[in-house]
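Asks: For reference, the file final-v3.pdb (PDB, C-alpha atoms, pLDDT in the B column) is included below:
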```
ATOM      1  CA  MET A   1       0.000   0.000   0.000  1.00 57.00           C
ATOM      2  CA  ALA A   2       1.390   3.405  -0.985  1.00 62.00           C
ATOM      3  CA  ASP A   3       1.925   6.079   1.623  1.00 64.00           C
ATOM      4  CA  ASP A   4      -0.274   9.059   0.648  1.00 71.00           C
ATOM      5  CA  THR A   5       1.068  11.403   3.306  1.00 80.00           C
ATOM      6  CA  SER A   6       2.923  14.520   2.210  1.00 86.00           C
ATOM      7  CA  GLN A   7       5.283  16.823   4.019  1.00 87.00           C
ATOM      8  CA  GLN A   8       4.594  20.452   4.720  1.00 91.00           C
ATOM      9  CA  PHE A   9       7.541  22.447   5.980  1.00 89.00           C
ATOM     10  CA  GLU A  10       7.147  25.278   8.458  1.00 93.00           C
ATOM     11  CA  ILE A  11      10.019  27.557   7.548  1.00 92.00           C
ATOM     12  CA  ASP A  12      11.218  30.150  10.038  1.00 94.00           C
ATOM     13  CA  LEU A  13      13.243  32.992   8.512  1.00 93.00           C
ATOM     14  CA  PRO A  14      15.037  34.916  11.268  1.00 94.00           C
ATOM     15  CA  PRO A  15      14.756  38.703  10.831  1.00 94.00           C
ATOM     16  CA  GLU A  16      18.525  39.105  10.437  1.00 93.00           C
ATOM     17  CA  LEU A  17      18.439  36.856   7.331  1.00 92.00           C
ATOM     18  CA  ILE A  18      15.538  38.513   5.508  1.00 93.00           C
ATOM     19  CA  GLY A  19      17.836  40.761   3.446  1.00 94.00           C
ATOM     20  CA  GLY A  20      19.998  37.850   2.355  1.00 93.00           C
ATOM     21  CA  ASN A  21      23.506  38.199   0.954  1.00 94.00           C
ATOM     22  CA  TYR A  22      24.405  39.297  -2.547  1.00 95.00           C
ATOM     23  CA  ALA A  23      26.847  37.006  -4.379  1.00 96.00           C
ATOM     24  CA  ASP A  24      28.577  37.679  -7.695  1.00 94.00           C
ATOM     25  CA  PHE A  25      29.333  33.987  -8.221  1.00 94.00           C
ATOM     26  CA  ALA A  26      29.519  30.605  -6.516  1.00 96.00           C
ATOM     27  CA  ASN A  27      32.055  27.834  -6.194  1.00 96.00           C
ATOM     28  CA  VAL A  28      30.852  24.262  -5.686  1.00 97.00           C
ATOM     29  CA  TRP A  29      32.936  21.355  -4.404  1.00 97.00           C
ATOM     30  CA  HIS A  30      32.285  18.051  -2.660  1.00 97.00           C
ATOM     31  CA  THR A  31      33.545  15.324  -0.373  1.00 97.00           C
ATOM     32  CA  PRO A  32      32.181  11.774  -0.318  1.00 96.00           C
ATOM     33  CA  THR A  33      29.464  12.841   2.141  1.00 97.00           C
ATOM     34  CA  VAL A  34      28.655  16.508   1.468  1.00 98.00           C
ATOM     35  CA  PHE A  35      28.389  19.123  -1.282  1.00 98.00           C
ATOM     36  CA  VAL A  36      29.645  22.588  -0.382  1.00 98.00           C
ATOM     37  CA  MET A  37      28.553  25.793  -2.100  1.00 98.00           C
ATOM     38  CA  ASP A  38      30.571  28.908  -1.381  1.00 98.00           C
ATOM     39  CA  PHE A  39      28.836  32.101  -2.483  1.00 97.00           C
ATOM     40  CA  LEU A  40      31.278  34.940  -3.148  1.00 97.00           C
ATOM     41  CA  THR A  41      31.173  38.660  -3.753  1.00 96.00           C
ATOM     42  CA  LEU A  42      33.880  40.760  -5.315  1.00 94.00           C
ATOM     43  CA  ALA A  43      36.002  42.384  -2.606  1.00 90.00           C
ATOM     44  CA  GLN A  44      37.894  44.680  -5.007  1.00 92.00           C
ATOM     45  CA  PRO A  45      37.984  45.242  -8.761  1.00 91.00           C
ATOM     46  CA  PRO A  46      39.836  42.536 -10.727  1.00 91.00           C
ATOM     47  CA  ARG A  47      43.473  43.396 -11.504  1.00 93.00           C
ATOM     48  CA  GLU A  48      46.080  42.154 -13.948  1.00 94.00           C
ATOM     49  CA  GLN A  49      49.132  40.471 -12.461  1.00 93.00           C
ATOM     50  CA  VAL A  50      52.311  39.022 -13.957  1.00 93.00           C
ATOM     51  CA  ASP A  51      53.755  35.816 -12.485  1.00 90.00           C
ATOM     52  CA  ALA A  52      57.331  36.662 -11.467  1.00 90.00           C
ATOM     53  CA  GLU A  53      58.648  33.194 -12.371  1.00 91.00           C
ATOM     54  CA  THR A  54      56.876  32.491 -15.664  1.00 92.00           C
ATOM     55  CA  GLY A  55      56.100  36.000 -16.908  1.00 92.00           C
ATOM     56  CA  GLN A  56      52.531  34.897 -17.648  1.00 94.00           C
ATOM     57  CA  ARG A  57      49.786  37.457 -17.196  1.00 94.00           C
ATOM     58  CA  HIS A  58      46.576  36.550 -15.387  1.00 92.00           C
ATOM     59  CA  THR A  59      43.648  38.311 -13.801  1.00 94.00           C
ATOM     60  CA  VAL A  60      43.371  38.251 -10.017  1.00 93.00           C
ATOM     61  CA  VAL A  61      39.790  38.515  -8.761  1.00 92.00           C
ATOM     62  CA  PRO A  62      39.752  39.338  -5.023  1.00 94.00           C
ATOM     63  CA  ALA A  63      36.570  37.842  -3.578  1.00 95.00           C
ATOM     64  CA  ARG A  64      35.079  37.158  -0.165  1.00 96.00           C
ATOM     65  CA  VAL A  65      32.844  34.257   0.828  1.00 96.00           C
ATOM     66  CA  VAL A  66      29.520  35.686   2.015  1.00 96.00           C
ATOM     67  CA  SER A  67      27.898  32.330   2.687  1.00 96.00           C
ATOM     68  CA  ARG A  68      28.883  28.654   2.779  1.00 97.00           C
ATOM     69  CA  ILE A  69      26.113  26.102   2.407  1.00 97.00           C
ATOM     70  CA  ARG A  70      26.681  22.395   3.046  1.00 98.00           C
ATOM     71  CA  ILE A  71      24.087  19.892   1.810  1.00 97.00           C
ATOM     72  CA  PRO A  72      23.916  16.085   1.648  1.00 97.00           C
ATOM     73  CA  PRO A  73      24.397  14.551  -1.818  1.00 96.00           C
ATOM     74  CA  ASP A  74      20.748  13.428  -2.018  1.00 95.00           C
ATOM     75  CA  GLN A  75      19.618  17.050  -1.791  1.00 96.00           C
ATOM     76  CA  VAL A  76      21.785  18.129  -4.752  1.00 96.00           C
ATOM     77  CA  PHE A  77      19.307  16.489  -7.140  1.00 95.00           C
ATOM     78  CA  GLU A  78      16.387  18.351  -5.555  1.00 95.00           C
ATOM     79  CA  LEU A  79      18.330  21.624  -5.671  1.00 96.00           C
ATOM     80  CA  ALA A  80      19.202  21.108  -9.348  1.00 96.00           C
ATOM     81  CA  LYS A  81      15.535  20.462 -10.187  1.00 96.00           C
ATOM     82  CA  ALA A  82      14.396  23.520  -8.231  1.00 96.00           C
ATOM     83  CA  LEU A  83      17.004  25.765  -9.889  1.00 94.00           C
ATOM     84  CA  THR A  84      16.077  24.493 -13.358  1.00 94.00           C
ATOM     85  CA  GLN A  85      12.382  25.056 -12.694  1.00 96.00           C
ATOM     86  CA  GLN A  86      12.892  28.556 -11.322  1.00 95.00           C
ATOM     87  CA  LEU A  87      15.218  29.484 -14.206  1.00 92.00           C
ATOM     88  CA  GLU A  88      12.563  28.375 -16.692  1.00 93.00           C
ATOM     89  CA  PHE A  89       9.944  30.485 -14.877  1.00 94.00           C
ATOM     90  CA  TRP A  90      12.320  33.471 -14.856  1.00 91.00           C
ATOM     91  CA  GLU A  91      13.059  33.102 -18.585  1.00 91.00           C
ATOM     92  CA  ARG A  92       9.333  33.024 -19.387  1.00 91.00           C
ATOM     93  CA  GLU A  93       8.611  36.033 -17.163  1.00 93.00           C
ATOM     94  CA  THR A  94      11.504  38.194 -18.378  1.00 90.00           C
ATOM     95  CA  GLY A  95      12.054  36.886 -21.896  1.00 88.00           C
ATOM     96  CA  ARG A  96      15.774  36.761 -21.087  1.00 85.00           C
ATOM     97  CA  ARG A  97      18.332  34.008 -21.508  1.00 78.00           C
ATOM     98  CA  ASN A  98      21.680  33.467 -19.838  1.00 70.00           C
ATOM     99  CA  PRO A  99      24.393  36.028 -20.683  1.00 64.00           C
ATOM    100  CA  GLN A 100      26.582  35.203 -23.688  1.00 60.00           C
ATOM    101  CA  GLU A 101      29.805  36.444 -22.062  1.00 58.00           C
ATOM    102  CA  PRO A 102      31.141  35.609 -18.604  1.00 56.00           C
ATOM    103  CA  PRO A 103      30.492  38.459 -16.118  1.00 55.00           C
ATOM    104  CA  LEU A 104      34.226  38.985 -15.470  1.00 55.00           C
ATOM    105  CA  GLY A 105      35.396  38.666 -19.091  1.00 51.00           C
ATOM    106  CA  ASP A 106      37.925  36.125 -20.241  1.00 48.00           C
TER
END
```
Would you mind giving the structure from this file in structure tokens?

Replies:
Amino acid sequence: MADDTSQQFEIDLPPELIGGNYADFANVWHTPTVFVMDFLTLAQPPREQVDAETGQRHTVVPARVVSRIRIPPDQVFELAKALTQQLEFWERETGRRNPQEPPLGD
């Protein structure tokens, strides 16, 4: 017999979190038991730098982690589905698609 019960979450958002944190980009990494998402904001404008040993030029992007979220691997699938669904809604509402160029250039 199938279980017809459903879950209803009661979500409490503390007042100090209502404003959220702005992030320019995110970095995602994992261990065998957890996925970690670091959300970052630019701390200073990007700057060109030359490696003293190789002479190669590269862009340094000073950034600060504004939030680190750790989730179990099973939840990554649910998060991916939710992000895809919300992105589709956003595209329909705004008529926009993802940017063609990376936000920091290449």

Asks: Name the closest residue to Asp24 of chain A among the candidates A:Leu83, A:Val66, A:Ala52, A:Val60; distances are taken between atoms, counting only C-alpha atoms.

Replies: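 Of all the options, A:Val66 lies closest to Asp24 of chain A.
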
Asks: So that I can see what lies close to Arg70 of chain A, please list as a VMD selection string the residues with an atom at most 8 Å from it, counting only C-alpha atoms and leaving out residues fewer than 4 positions away in the same chain.

Replies: chain A and resid 34 to 37

Asks: For the residues selected in the previous step, produce a file with C-alpha atoms as a PDB file, in the coordinates of the input.

Replies:
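And here is the file that came out, again.pdb:
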```pdb
ATOM      1  CA  VAL A  34      28.655  16.508   1.468  1.00 98.00           C
ATOM      2  CA  PHE A  35      28.389  19.123  -1.282  1.00 98.00           C
ATOM      3  CA  VAL A  36      29.645  22.588  -0.382  1.00 98.00           C
ATOM      4  CA  MET A  37      28.553  25.793  -2.100  1.00 98.00           C
TER       5      MET A  37
END
```

Asks: Report, in Å with one decimal, the straight-line distance from atom CA of Thr31 of chain A to atom CA of Asp12 of chain A.

Replies: 28.8 Å

Asks: Tell me which protein, DNA and RNA residues are within 12 Å of Arg68 of chain A, counting all atoms listed in the file, leaving out same-chain ones fewer than 4 positions away, and put them as JSON, numbers by chain.

Replies: {"A": [21, 23, 26, 27, 28, 29, 35, 36, 37, 38, 39, 40, 64]}

Asks: For atom CA of Leu17 of chain A and atom CA of Ala82 of chain A, quote the distance in Å rounded to one decimal.

Replies: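 Those two atoms sit 20.9 Å apart.
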
Asks: Hey, can you check how far atom CA of Thr84 of chain A sits from atom CA of Ser6 of chain A?

Replies: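 Computed distance, atom CA of Thr84 of chain A to atom CA of Ser6 of chain A, equals 22.7 Å.
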
Asks: Draw an axis-aligned box over all listed atoms of segment 54-71 of chain A, pad each side with 4 Å, and write its centre and edge lengths in Å, one decimal, as lines of an AutoDock Vina configuration file.

Replies:
```
center_x = 40.5
center_y = 29.6
center_z = -7.3
size_x = 40.8
size_y = 27.4
size_z = 28.7
```

Asks: Can you spell out as a PyMOL selection string the set of residues that the PyMOL selection byres ((chain A and resi 61) around 10) selects in the structure I just provided?

Replies: chain A and resi 41-48+58-60+62-64+104
